[in-house]
file entry-v5.cif (mmCIF, C-alpha atoms and all ligand atoms)
data_input
loop_
_atom_site.label_atom_id
_atom_site.label_comp_id
_atom_site.auth_asym_id
_atom_site.auth_seq_id
_atom_site.Cartn_x
_atom_site.Cartn_y
_atom_site.Cartn_z
CA MET A 1140 -20.83 -2.09 31.95
CA ALA A 1141 -20.15 1.00 29.84
CA ILE A 1142 -17.55 0.42 27.13
CA ASN A 1143 -14.75 2.97 26.84
CA LEU A 1144 -12.11 2.39 24.15
CA ARG A 1145 -10.52 5.84 24.31
CA GLY A 1146 -6.72 5.69 23.99
CA ARG A 1147 -6.74 2.01 22.92
CA SER A 1148 -4.98 0.64 19.84
CA PHE A 1149 -6.70 -1.76 17.44
CA LEU A 1150 -3.98 -4.27 16.60
CA LYS A 1151 -5.77 -7.63 16.53
CA LEU A 1152 -9.21 -8.94 17.50
CA LEU A 1153 -7.66 -11.18 20.16
CA ASP A 1154 -7.15 -7.99 22.23
CA TYR A 1155 -10.86 -7.13 22.19
CA THR A 1156 -13.74 -8.69 24.14
CA PRO A 1157 -16.97 -9.69 22.37
CA GLU A 1158 -18.68 -6.74 24.13
CA GLU A 1159 -16.06 -4.32 22.77
CA ILE A 1160 -16.45 -5.73 19.24
CA ARG A 1161 -20.23 -5.41 19.61
CA TYR A 1162 -19.76 -1.77 20.67
CA LEU A 1163 -17.69 -1.05 17.51
CA LEU A 1164 -20.26 -2.75 15.26
CA ASP A 1165 -23.13 -0.77 16.79
CA LEU A 1166 -21.17 2.46 16.49
CA ALA A 1167 -20.44 1.66 12.82
CA LYS A 1168 -24.17 1.10 12.23
CA ASP A 1169 -24.97 4.50 13.77
CA LEU A 1170 -22.28 6.22 11.69
CA LYS A 1171 -23.53 4.54 8.51
CA LYS A 1172 -27.07 5.71 9.21
CA ALA A 1173 -25.88 9.25 10.02
CA LYS A 1174 -23.91 9.44 6.77
CA ARG A 1175 -26.92 8.22 4.76
CA ILE A 1176 -29.10 11.05 6.08
CA GLY A 1177 -26.35 13.62 5.60
CA GLN A 1178 -25.69 14.24 9.27
CA ALA A 1179 -22.27 15.89 9.57
CA ASN A 1180 -20.17 14.31 12.28
CA GLU A 1181 -16.97 16.36 12.42
CA VAL A 1182 -16.51 15.57 16.08
CA LEU A 1183 -12.75 15.04 15.80
CA LYS A 1184 -12.01 18.38 14.14
CA GLY A 1185 -8.51 19.58 15.00
CA LYS A 1186 -7.03 16.07 15.22
CA ASN A 1187 -4.66 14.53 12.67
CA VAL A 1188 -3.85 10.96 11.68
CA VAL A 1189 -1.00 9.45 9.68
CA LEU A 1190 -1.52 6.51 7.35
CA LEU A 1191 1.56 4.31 6.84
CA PHE A 1192 1.39 1.91 3.91
CA GLU A 1193 4.31 -0.42 3.19
CA LYS A 1194 2.00 -2.52 0.97
CA ASP A 1195 -0.56 -1.44 -1.67
CA SER A 1196 -4.19 -0.71 -0.81
CA THR A 1197 -7.41 0.66 -2.30
CA ARG A 1198 -10.14 -0.05 0.29
CA THR A 1199 -8.18 0.34 3.50
CA ARG A 1200 -6.47 3.56 2.49
CA CYS A 1201 -9.66 5.11 1.13
CA ALA A 1202 -11.68 3.96 4.16
CA PHE A 1203 -9.19 5.61 6.55
CA GLU A 1204 -9.01 8.80 4.46
CA VAL A 1205 -12.77 9.22 3.95
CA GLY A 1206 -13.52 8.13 7.53
CA ALA A 1207 -11.02 10.61 8.94
CA MET A 1208 -12.24 13.44 6.70
CA ASP A 1209 -15.89 12.75 7.63
CA LEU A 1210 -14.86 13.04 11.29
CA GLY A 1211 -13.19 16.37 10.53
CA MET A 1212 -9.58 15.17 10.84
CA GLY A 1213 -6.52 15.91 8.74
CA THR A 1214 -4.61 12.99 7.16
CA THR A 1215 -1.07 12.37 5.94
CA TYR A 1216 -0.35 9.39 3.68
CA LEU A 1217 3.13 7.85 3.72
CA GLY A 1218 3.67 5.16 1.08
CA PRO A 1219 6.31 2.45 0.68
CA SER A 1220 8.86 5.05 -0.43
CA GLY A 1221 9.43 8.66 0.49
CA SER A 1222 9.76 8.43 4.26
CA GLN A 1223 12.73 7.46 6.43
CA MET A 1224 10.85 4.62 8.15
CA GLY A 1225 12.71 1.34 8.18
CA LYS A 1226 15.51 2.71 5.99
CA LYS A 1227 17.31 5.46 7.91
CA GLU A 1228 15.05 5.38 10.96
CA SER A 1229 13.97 2.48 13.16
CA ILE A 1230 10.33 1.68 13.90
CA LYS A 1231 10.91 2.69 17.52
CA ASP A 1232 12.22 6.15 16.56
CA THR A 1233 9.58 6.63 13.85
CA ALA A 1234 6.87 5.79 16.37
CA ARG A 1235 8.19 8.36 18.85
CA VAL A 1236 8.34 11.07 16.17
CA LEU A 1237 4.86 10.39 14.76
CA GLY A 1238 3.38 10.16 18.26
CA ARG A 1239 4.51 13.77 18.87
CA MET A 1240 2.67 15.06 15.80
CA TYR A 1241 -0.37 12.85 15.27
CA ASP A 1242 -3.33 11.72 17.33
CA GLY A 1243 -3.47 8.28 15.69
CA ILE A 1244 -1.43 6.05 13.39
CA GLU A 1245 -2.59 3.49 10.84
CA TYR A 1246 -0.08 0.86 9.68
CA ARG A 1247 -0.24 -1.61 6.78
CA GLY A 1248 2.79 -3.75 6.14
CA PHE A 1249 4.69 -6.80 7.14
CA SER A 1250 5.11 -8.41 10.57
CA GLN A 1251 2.60 -7.97 13.39
CA GLU A 1252 5.57 -7.08 15.58
CA ILE A 1253 5.97 -3.78 13.68
CA VAL A 1254 2.42 -2.61 14.39
CA GLU A 1255 2.71 -3.76 18.02
CA ASP A 1256 5.97 -1.77 18.35
CA LEU A 1257 4.41 1.33 16.80
CA ALA A 1258 1.72 1.17 19.48
CA LYS A 1259 4.23 0.53 22.26
CA TYR A 1260 6.47 3.49 21.44
CA SER A 1261 4.19 6.12 19.91
CA LYS A 1262 1.83 6.43 22.92
CA VAL A 1263 -1.11 7.19 20.61
CA PRO A 1264 -3.75 4.76 19.27
CA VAL A 1265 -2.39 2.60 16.43
CA TRP A 1266 -4.69 0.76 14.00
CA ASN A 1267 -3.67 -2.36 12.09
CA GLY A 1268 -4.53 -1.89 8.41
CA LEU A 1269 -3.16 -5.39 7.58
CA THR A 1270 -0.07 -7.30 8.57
CA ASN A 1271 1.18 -10.70 7.44
CA GLU A 1272 -0.63 -12.25 10.42
CA PHE A 1273 -3.87 -10.28 10.87
CA HIS A 1274 -6.36 -7.97 9.13
CA PRO A 1275 -8.74 -6.97 11.95
CA THR A 1276 -10.45 -3.94 10.37
CA GLN A 1277 -11.52 -6.16 7.46
CA VAL A 1278 -13.18 -8.59 9.85
CA LEU A 1279 -15.16 -5.81 11.53
CA ALA A 1280 -16.57 -4.89 8.10
CA ASP A 1281 -17.30 -8.56 7.42
CA LEU A 1282 -19.17 -8.98 10.71
CA LEU A 1283 -21.23 -5.86 10.05
CA THR A 1284 -22.11 -7.13 6.56
CA ILE A 1285 -23.12 -10.57 7.86
CA GLU A 1286 -25.29 -9.01 10.55
CA GLU A 1287 -26.96 -6.75 7.97
CA LYS A 1288 -27.81 -9.80 5.83
CA PHE A 1289 -28.96 -12.23 8.54
CA GLY A 1290 -30.01 -9.91 11.39
CA ASN A 1291 -27.73 -11.72 13.85
CA LEU A 1292 -24.31 -13.34 14.19
CA LYS A 1293 -24.56 -15.96 16.93
CA GLY A 1294 -25.08 -19.52 15.73
CA LEU A 1295 -24.42 -18.86 12.03
CA ASN A 1296 -22.15 -21.22 10.07
CA PHE A 1297 -19.17 -19.51 8.45
CA VAL A 1298 -16.97 -21.40 5.96
CA TYR A 1299 -13.61 -20.10 4.75
CA LEU A 1300 -11.91 -21.75 1.77
CA GLY A 1301 -8.33 -21.24 0.64
CA ASP A 1302 -5.13 -20.20 2.38
CA ALA A 1303 -6.41 -20.60 5.94
CA ARG A 1304 -3.15 -19.50 7.58
CA ASN A 1305 -2.96 -16.08 5.97
CA ASN A 1306 -4.01 -12.80 7.62
CA MET A 1307 -7.66 -13.31 6.58
CA GLY A 1308 -7.89 -16.96 7.63
CA ASN A 1309 -6.40 -16.11 11.03
CA SER A 1310 -8.49 -13.01 11.67
CA LEU A 1311 -11.78 -14.52 10.54
CA MET A 1312 -11.23 -17.50 12.82
CA VAL A 1313 -10.67 -15.16 15.78
CA GLY A 1314 -13.61 -12.90 14.84
CA CYS A 1315 -16.02 -15.83 14.51
CA ALA A 1316 -14.87 -17.39 17.81
CA LYS A 1317 -15.38 -14.06 19.59
CA MET A 1318 -18.87 -13.48 18.18
CA GLY A 1319 -20.30 -16.99 18.57
CA ILE A 1320 -20.17 -17.96 14.87
CA ASN A 1321 -19.27 -21.57 13.96
CA PHE A 1322 -16.08 -21.36 11.89
CA THR A 1323 -14.92 -23.98 9.39
CA ALA A 1324 -11.70 -23.66 7.38
CA CYS A 1325 -11.46 -25.80 4.24
CA ALA A 1326 -7.83 -26.01 3.14
CA PRO A 1327 -5.03 -28.46 2.47
CA LYS A 1328 -3.26 -29.40 5.73
CA ASP A 1329 -0.17 -27.39 4.77
CA LEU A 1330 -2.30 -24.25 4.76
CA PHE A 1331 -4.13 -24.81 8.06
CA PRO A 1332 -3.70 -22.00 10.63
CA ALA A 1333 -0.99 -22.44 13.28
CA LYS A 1334 -1.91 -24.88 16.06
CA GLU A 1335 -1.30 -22.32 18.79
CA LEU A 1336 -3.85 -19.90 17.28
CA VAL A 1337 -6.36 -22.69 16.62
CA ASP A 1338 -6.09 -23.83 20.27
CA LYS A 1339 -6.59 -20.27 21.48
CA CYS A 1340 -9.61 -19.80 19.21
CA ARG A 1341 -11.14 -23.12 20.34
CA GLU A 1342 -10.90 -21.90 23.92
CA ILE A 1343 -12.59 -18.58 22.99
CA ALA A 1344 -15.19 -20.43 20.91
CA ARG A 1345 -16.10 -22.65 23.87
CA GLU A 1346 -16.81 -19.54 25.96
CA ASN A 1347 -19.03 -18.17 23.19
CA GLU A 1348 -20.81 -21.47 22.44
CA CYS A 1349 -19.51 -22.03 18.93
CA THR A 1350 -17.04 -24.34 17.18
CA ILE A 1351 -13.82 -24.24 15.15
CA THR A 1352 -13.43 -26.96 12.51
CA LEU A 1353 -10.54 -27.58 10.12
CA THR A 1354 -11.04 -29.91 7.16
CA GLU A 1355 -9.40 -30.80 3.87
CA ASP A 1356 -12.78 -31.75 2.39
CA ALA A 1357 -14.31 -28.66 0.76
CA GLU A 1358 -17.52 -30.39 -0.32
CA LYS A 1359 -18.29 -31.62 3.19
CA GLY A 1360 -16.99 -28.50 4.91
CA ILE A 1361 -19.31 -26.17 3.01
CA LYS A 1362 -22.48 -28.10 3.97
CA ASN A 1363 -24.94 -25.93 5.96
CA ALA A 1364 -22.83 -22.81 5.35
CA ASP A 1365 -24.59 -19.48 5.79
CA VAL A 1366 -21.48 -17.57 4.75
CA VAL A 1367 -18.91 -18.73 2.19
CA TYR A 1368 -15.69 -16.72 2.24
CA THR A 1369 -12.48 -16.84 0.25
CA ASP A 1370 -9.35 -14.74 -0.28
CA VAL A 1371 -6.51 -14.59 -2.81
CA TRP A 1372 -4.32 -17.69 -2.97
CA VAL A 1373 -1.08 -15.69 -2.82
CA SER A 1374 -0.91 -12.74 -0.45
CA MET A 1375 0.99 -9.47 -0.78
CA GLY A 1376 4.63 -9.88 0.18
CA GLU A 1377 4.85 -13.56 -0.83
CA PRO A 1378 7.42 -14.37 -3.54
CA ASP A 1379 6.27 -15.05 -7.14
CA GLU A 1380 7.72 -18.56 -6.93
CA VAL A 1381 4.88 -19.74 -4.70
CA TRP A 1382 2.20 -19.30 -7.39
CA GLU A 1383 2.74 -22.68 -9.04
CA SER A 1384 2.53 -24.78 -5.88
CA ARG A 1385 -0.29 -22.67 -4.43
CA LEU A 1386 -2.42 -23.11 -7.58
CA LYS A 1387 -1.94 -26.87 -7.34
CA LEU A 1388 -2.69 -26.96 -3.62
CA LEU A 1389 -5.80 -24.79 -3.78
CA LYS A 1390 -7.38 -25.78 -7.11
CA SER A 1391 -10.05 -27.92 -5.47
CA TYR A 1392 -10.94 -25.12 -3.01
CA GLN A 1393 -12.11 -22.71 -5.72
CA VAL A 1394 -15.54 -21.27 -4.90
CA ASN A 1395 -17.60 -22.20 -7.97
CA LYS A 1396 -21.31 -22.77 -8.59
CA GLU A 1397 -21.03 -26.51 -8.04
CA LEU A 1398 -19.42 -26.04 -4.62
CA MET A 1399 -21.83 -23.21 -3.69
CA ASN A 1400 -24.74 -25.59 -4.36
CA ASN A 1401 -23.67 -27.55 -1.26
CA ALA A 1402 -24.09 -24.50 0.99
CA ASN A 1403 -27.47 -23.33 2.37
CA HIS A 1404 -29.79 -22.02 -0.35
CA ASP A 1405 -29.67 -18.49 1.15
CA ALA A 1406 -25.90 -18.52 1.76
CA ILE A 1407 -23.96 -15.37 0.94
CA PHE A 1408 -20.58 -15.18 -0.77
CA MET A 1409 -17.90 -12.89 0.69
CA HIS A 1410 -14.36 -11.84 -0.26
CA CYS A 1411 -12.20 -9.12 1.27
CA LEU A 1412 -11.07 -8.10 -2.28
CA PRO A 1413 -9.17 -7.56 -4.48
CA SER A 1414 -10.12 -10.83 -6.21
CA PHE A 1415 -8.91 -12.83 -9.20
CA HIS A 1416 -12.31 -13.77 -10.63
CA ASP A 1417 -11.40 -12.94 -14.25
CA LEU A 1418 -8.42 -11.89 -16.35
CA ASN A 1419 -9.09 -8.15 -16.20
CA THR A 1420 -6.02 -7.39 -14.10
CA LYS A 1421 -2.34 -7.31 -14.94
CA ILE A 1422 -1.36 -10.05 -12.48
CA GLY A 1423 -4.49 -12.12 -13.19
CA LYS A 1424 -3.68 -12.03 -16.91
CA GLN A 1425 0.00 -12.96 -16.39
CA ILE A 1426 -0.83 -15.88 -14.09
CA GLY A 1427 -3.75 -16.93 -16.27
CA GLU A 1428 -1.58 -17.10 -19.38
CA LYS A 1429 1.28 -18.83 -17.59
CA PHE A 1430 -0.86 -21.57 -16.00
CA GLY A 1431 -3.75 -21.78 -18.48
CA ILE A 1432 -6.54 -20.67 -16.13
CA THR A 1433 -9.20 -17.94 -16.34
CA GLU A 1434 -10.28 -17.66 -12.68
CA MET A 1435 -8.68 -18.47 -9.37
CA GLU A 1436 -10.16 -18.48 -5.85
CA VAL A 1437 -13.71 -17.72 -7.09
CA THR A 1438 -15.39 -18.05 -10.47
CA ASP A 1439 -16.76 -14.96 -12.16
CA GLU A 1440 -20.21 -16.60 -12.04
CA VAL A 1441 -20.22 -16.75 -8.22
CA PHE A 1442 -18.53 -13.35 -7.82
CA GLU A 1443 -21.23 -11.69 -9.95
CA SER A 1444 -24.13 -13.77 -8.56
CA LYS A 1445 -26.99 -12.51 -6.38
CA GLN A 1446 -25.42 -14.34 -3.42
CA SER A 1447 -22.31 -12.15 -3.62
CA VAL A 1448 -22.19 -9.28 -1.11
CA VAL A 1449 -18.61 -8.22 -1.80
CA PHE A 1450 -19.34 -4.57 -2.55
CA ASP A 1451 -21.51 -4.11 0.57
CA GLU A 1452 -18.54 -5.54 2.43
CA ALA A 1453 -16.19 -3.06 0.74
CA GLU A 1454 -18.44 -0.11 1.65
CA ASN A 1455 -18.59 -1.30 5.25
CA ARG A 1456 -14.80 -0.99 5.52
CA MET A 1457 -15.34 2.76 5.73
CA HIS A 1458 -18.10 2.75 8.35
CA THR A 1459 -16.28 0.28 10.61
CA ILE A 1460 -12.89 1.98 10.30
CA LYS A 1461 -14.56 5.29 11.11
CA ALA A 1462 -16.04 3.65 14.22
CA VAL A 1463 -12.60 2.39 15.30
CA MET A 1464 -11.07 5.87 14.94
CA LEU A 1465 -13.96 7.59 16.72
CA ALA A 1466 -14.03 5.09 19.59
CA THR A 1467 -10.29 5.13 20.21
CA LEU A 1468 -9.67 8.85 19.72
CA GLY A 1469 -12.80 9.87 21.60
CA VAL A 1470 -14.13 13.39 21.83
N1 LIG A 1501 -9.57 -5.70 1.58
C1 LIG A 1501 -8.56 -4.83 1.58
O1 LIG A 1501 -7.84 -4.68 2.57
O2 LIG A 1501 -8.39 -4.17 0.42
P1 LIG A 1501 -7.17 -3.20 0.05
O3 LIG A 1501 -5.96 -4.08 -0.11
O4 LIG A 1501 -7.59 -2.54 -1.23
O5 LIG A 1501 -6.98 -2.22 1.16
N1 LIG A 1502 -4.48 -12.02 2.17
C1 LIG A 1502 -4.52 -10.83 1.36
C2 LIG A 1502 -5.53 -9.87 1.89
C3 LIG A 1502 -5.67 -8.60 1.06
C4 LIG A 1502 -6.72 -7.69 1.61
C5 LIG A 1502 -3.13 -10.20 1.33
O1 LIG A 1502 -2.50 -10.09 2.39
O2 LIG A 1502 -2.67 -9.83 0.24
#
call {"tool": "encode", "arguments": {"input": "entry-v5.cif", "output": "structure tokens"}}
result
Amino acid sequence: MAINLRGRSFLKLLDYTPEEIRYLLDLAKDLKKAKRIGQANEVLKGKNVVLLFEKDSTRTRCAFEVGAMDLGMGTTYLGPSGSQMGKKESIKDTARVLGRMYDGIEYRGFSQEIVEDLAKYSKVPVWNGLTNEFHPTQVLADLLTIEEKFGNLKGLNFVYLGDARNNMGNSLMVGCAKMGINFTACAPKDLFPAKELVDKCREIARENECTITLTEDAEKGIKNADVVYTDVWVSMGEPDEVWESRLKLLKSYQVNKELMNNANHDAIFMHCLPSFHDLNTKIGKQIGEKFGITEMEVTDEVFESKQSVVFDEAENRMHTIKAVMLATLGV
């Protein structure tokens, strides 16, 4: 059956079928190839998109801006300050205003409910650029990167270590279940994803002939891994007070050489970035000095190793986000 995503929002992967995700990945591959050979693709000339960021971003913002410009569209960036949204104007009213001026809306911020409401009231496609619960455009880039490295997705073993109930843990579990990838989360019980989402993903995984496993044992969990993935231990929007307990909880889930040696010999290392793999950042330095550590979720050795594909992953944010905009805005 032909896939048509025109007019759809991209709010979470749960809303998309495996065939629709496959369509977006294939479109991203085509757009990546076209860009490499300098083929102009300004097929959405005359359209405009607005990019709402209530939290910081490098990759997501740049991917939306470059993707939109490559497609010939105009962009407006609205940051955490400077607009009326949420202060003098409700999300519902903001959505109705923006929907009158723009063809599509990107939102990065807090609760999933906000991005769902933007889609409900704006009547134009809305794209989730990260909420507390989900980060679906990141997972599209991750799937594309994995497929580029292994030539396929189905049947691979994917292992996530760290805060498994954050936006990345949740979204990767859904993405793997949808695409037939065996997903294992290694985390302390307190940081396991919510039972309701795990149950839903197990149901989806059954349909796609793969498994969802949760374990507290990192050494065992990483065995036979094709893909080893981690994310920051404290996410944007969480209070500073959680650092101390989070460092204690997640210390034994750090992706280091010793742990990587338990994965398959050709396993790749992935991270959505930004990453605390050294002390060359303001926050990394502060936390490092306060708690006497030099690296957090991944060691610099693994981050810089041949197994690490983190910058391919970062580049693929742009190609996949461009595919989402093109597919949903249509021509
Ligand atoms: N991975 C990711 O979303 O990066 P940014 O926070 O830089 O957008
Ligand atoms: N879990 C991280 C992802 C950043 C891309 C955060 O929300 O800060």
call {"tool": "closest_residue", "arguments": {"input": "entry-v5.cif", "among": "A:Leu1418, A:Val1298, A:Leu1283, A:Ala1179", "to": "A:Ala1167", "atoms": "all atoms listed in the file"}}
result
A:Leu1283
call {"tool": "atom_distance", "arguments": {"input": "entry-v5.cif", "atom1": "atom CA of A:Ala1466", "atom2": "atom CA of A:Glu1348"}}
result
27.6 Å
call {"tool": "closest_atom_pairs", "arguments": {"input": "entry-v5.cif", "of": "chain A", "to": "ligand LIG 1502 (chain A)", "cutoff": "7 Å", "atoms": "only C-alpha atoms and all ligand atoms", "output": "Markdown table"}}
result
| residue | atom | partner | partner_atom | distance |
| --- | --- | --- | --- | --- |
| A:Asn1271 | CA | A:LIG1502 | O1 | 6.3 |
| A:Asn1305 | CA | A:LIG1502 | N1 | 5.8 |
| A:Asn1306 | CA | A:LIG1502 | N1 | 5.5 |
| A:Met1307 | CA | A:LIG1502 | N1 | 5.6 |
| A:Asp1370 | CA | A:LIG1502 | N1 | 6.1 |
| A:Val1371 | CA | A:LIG1502 | C1 | 6.0 |
| A:Val1373 | CA | A:LIG1502 | O2 | 6.8 |
| A:Ser1374 | CA | A:LIG1502 | O2 | 3.5 |
| A:Met1375 | CA | A:LIG1502 | O2 | 3.8 |
| A:Cys1411 | CA | A:LIG1502 | C4 | 5.7 |
| A:Leu1412 | CA | A:LIG1502 | C4 | 5.9 |
| A:Pro1413 | CA | A:LIG1502 | C4 | 6.6 |
call {"tool": "closest_residue", "arguments": {"input": "entry-v5.cif", "among": "A:Asp1232, A:Glu1383, A:Glu1346, A:Glu1452", "to": "A:Ile1432", "atoms": "all atoms listed in the file"}}
result
A:Glu1383
call {"tool": "residues_around", "arguments": {"input": "entry-v5.cif", "residues": "stretch 1244-1258 of chain A", "least_positions_apart": "5", "cutoff": "7 Å", "atoms": "only C-alpha atoms", "output": "number ranges by chain"}}
result
A: 1148, 1150, 1188-1194, 1230-1231, 1234, 1263-1272
call {"tool": "closest_residue", "arguments": {"input": "entry-v5.cif", "among": "A:Trp1382, A:Tyr1155, A:Trp1372, A:Tyr1216", "to": "A:Leu1279", "atoms": "only C-alpha atoms"}}
result
A:Tyr1155
call {"tool": "atom_distance", "arguments": {"input": "entry-v5.cif", "atom1": "atom CA of A:Lys1362", "atom2": "atom CA of A:Thr1350"}}
result
14.8 Å
call {"tool": "axis_aligned_box", "arguments": {"input": "entry-v5.cif", "around": "ligand LIG 1501 (chain A)", "padding_each_side": "5 Å", "output": "JSON"}}
result
{"center_x": -7.8, "center_y": -4.0, "center_z": 0.7, "size_x": 13.6, "size_y": 13.5, "size_z": 13.8}
call {"tool": "atom_distance", "arguments": {"input": "entry-v5.cif", "atom1": "atom CA of A:Phe1203", "atom2": "atom CA of A:Ile1460"}}
result
6.4 Å
call {"tool": "residues_around", "arguments": {"input": "entry-v5.cif", "residues": "A:Ala1141", "least_positions_apart": "3", "cutoff": "12 Å", "atoms": "only C-alpha atoms", "output": "PyMOL selection string"}}
result
chain A and resi 1144+1158-1159+1162
call {"tool": "closest_residue", "arguments": {"input": "entry-v5.cif", "among": "A:Glu1377, A:Glu1204, A:Glu1358, A:Asp1209", "to": "A:Gly1177", "atoms": "all atoms listed in the file"}}
result
A:Asp1209
call {"tool": "residues_near_point", "arguments": {"input": "entry-v5.cif", "point": "(-9.9, -8.6, 14.9)", "cutoff": "9 Å", "atoms": "only C-alpha atoms", "output": "number ranges by chain"}}
result
A: 1149-1155, 1160, 1273-1279, 1310-1311, 1313-1314
call {"tool": "residues_around", "arguments": {"input": "entry-v5.cif", "residues": "A:Val1337", "least_positions_apart": "4", "cutoff": "9 Å", "atoms": "only C-alpha atoms", "output": "JSON, numbers by chain"}}
result
{"A": [1309, 1312, 1313, 1332, 1333, 1341, 1342, 1351]}
call {"tool": "residues_around", "arguments": {"input": "entry-v5.cif", "residues": "stretch 1393-1397 of chain A", "least_positions_apart": "5", "cutoff": "6 Å", "atoms": "only C-alpha atoms", "output": "PDB file with C-alpha atoms, keeping the file's coordinate frame"}}
result
ATOM      1  CA  GLU A1436     -10.160 -18.480  -5.850  1.00  0.00           C
ATOM      2  CA  VAL A1437     -13.710 -17.720  -7.090  1.00  0.00           C
ATOM      3  CA  THR A1438     -15.390 -18.050 -10.470  1.00  0.00           C
TER       4      THR A1438
END
call {"tool": "build_atoms", "arguments": {"input": "entry-v5.cif", "residues": "stretch 1398-1414 of chain A", "atoms": "N, CA and C atoms", "output": "mmCIF file, in the coordinates of the input"}}
result
data_model
loop_
_atom_site.group_PDB
_atom_site.id
_atom_site.type_symbol
_atom_site.label_atom_id
_atom_site.label_comp_id
_atom_site.auth_asym_id
_atom_site.auth_seq_id
_atom_site.Cartn_x
_atom_site.Cartn_y
_atom_site.Cartn_z
ATOM 1 N N LEU A 1398 -19.725 -26.001 -6.065
ATOM 2 C CA LEU A 1398 -19.420 -26.040 -4.620
ATOM 3 C C LEU A 1398 -20.463 -25.241 -3.836
ATOM 4 N N MET A 1399 -20.822 -24.059 -4.355
ATOM 5 C CA MET A 1399 -21.830 -23.210 -3.690
ATOM 6 C C MET A 1399 -23.161 -23.943 -3.518
ATOM 7 N N ASN A 1400 -23.476 -24.848 -4.442
ATOM 8 C CA ASN A 1400 -24.740 -25.590 -4.360
ATOM 9 C C ASN A 1400 -24.816 -26.472 -3.120
ATOM 10 N N ASN A 1401 -23.683 -26.738 -2.497
ATOM 11 C CA ASN A 1401 -23.670 -27.550 -1.260
ATOM 12 C C ASN A 1401 -23.927 -26.709 -0.011
ATOM 13 N N ALA A 1402 -23.848 -25.377 -0.160
ATOM 14 C CA ALA A 1402 -24.090 -24.500 0.990
ATOM 15 C C ALA A 1402 -25.603 -24.308 1.153
ATOM 16 N N ASN A 1403 -26.038 -23.622 2.208
ATOM 17 C CA ASN A 1403 -27.470 -23.330 2.370
ATOM 18 C C ASN A 1403 -27.974 -22.533 1.167
ATOM 19 N N HIS A 1404 -29.273 -22.680 0.861
ATOM 20 C CA HIS A 1404 -29.790 -22.020 -0.350
ATOM 21 C C HIS A 1404 -29.706 -20.490 -0.246
ATOM 22 N N ASP A 1405 -29.741 -19.961 0.993
ATOM 23 C CA ASP A 1405 -29.670 -18.490 1.150
ATOM 24 C C ASP A 1405 -28.274 -18.037 1.603
ATOM 25 N N ALA A 1406 -27.281 -18.871 1.358
ATOM 26 C CA ALA A 1406 -25.900 -18.520 1.760
ATOM 27 C C ALA A 1406 -25.416 -17.295 0.982
ATOM 28 N N ILE A 1407 -24.558 -16.516 1.644
ATOM 29 C CA ILE A 1407 -23.960 -15.370 0.940
ATOM 30 C C ILE A 1407 -22.497 -15.678 0.629
ATOM 31 N N PHE A 1408 -21.999 -15.036 -0.424
ATOM 32 C CA PHE A 1408 -20.580 -15.180 -0.770
ATOM 33 C C PHE A 1408 -19.836 -13.899 -0.397
ATOM 34 N N MET A 1409 -18.691 -14.054 0.273
ATOM 35 C CA MET A 1409 -17.900 -12.890 0.690
ATOM 36 C C MET A 1409 -16.429 -13.026 0.287
ATOM 37 N N HIS A 1410 -15.802 -11.890 0.117
ATOM 38 C CA HIS A 1410 -14.360 -11.840 -0.260
ATOM 39 C C HIS A 1410 -13.861 -10.467 0.182
ATOM 40 N N CYS A 1411 -12.697 -10.416 0.804
ATOM 41 C CA CYS A 1411 -12.200 -9.120 1.270
ATOM 42 C C CYS A 1411 -11.811 -8.203 0.102
ATOM 43 N N LEU A 1412 -11.523 -8.815 -1.068
ATOM 44 C CA LEU A 1412 -11.070 -8.100 -2.280
ATOM 45 C C LEU A 1412 -9.690 -7.470 -2.035
ATOM 46 N N PRO A 1413 -8.885 -7.286 -3.081
ATOM 47 C CA PRO A 1413 -9.170 -7.560 -4.480
ATOM 48 C C PRO A 1413 -9.201 -9.070 -4.783
ATOM 49 N N SER A 1414 -9.899 -9.423 -5.902
ATOM 50 C CA SER A 1414 -10.120 -10.830 -6.210
ATOM 51 C C SER A 1414 -9.738 -11.153 -7.658
#
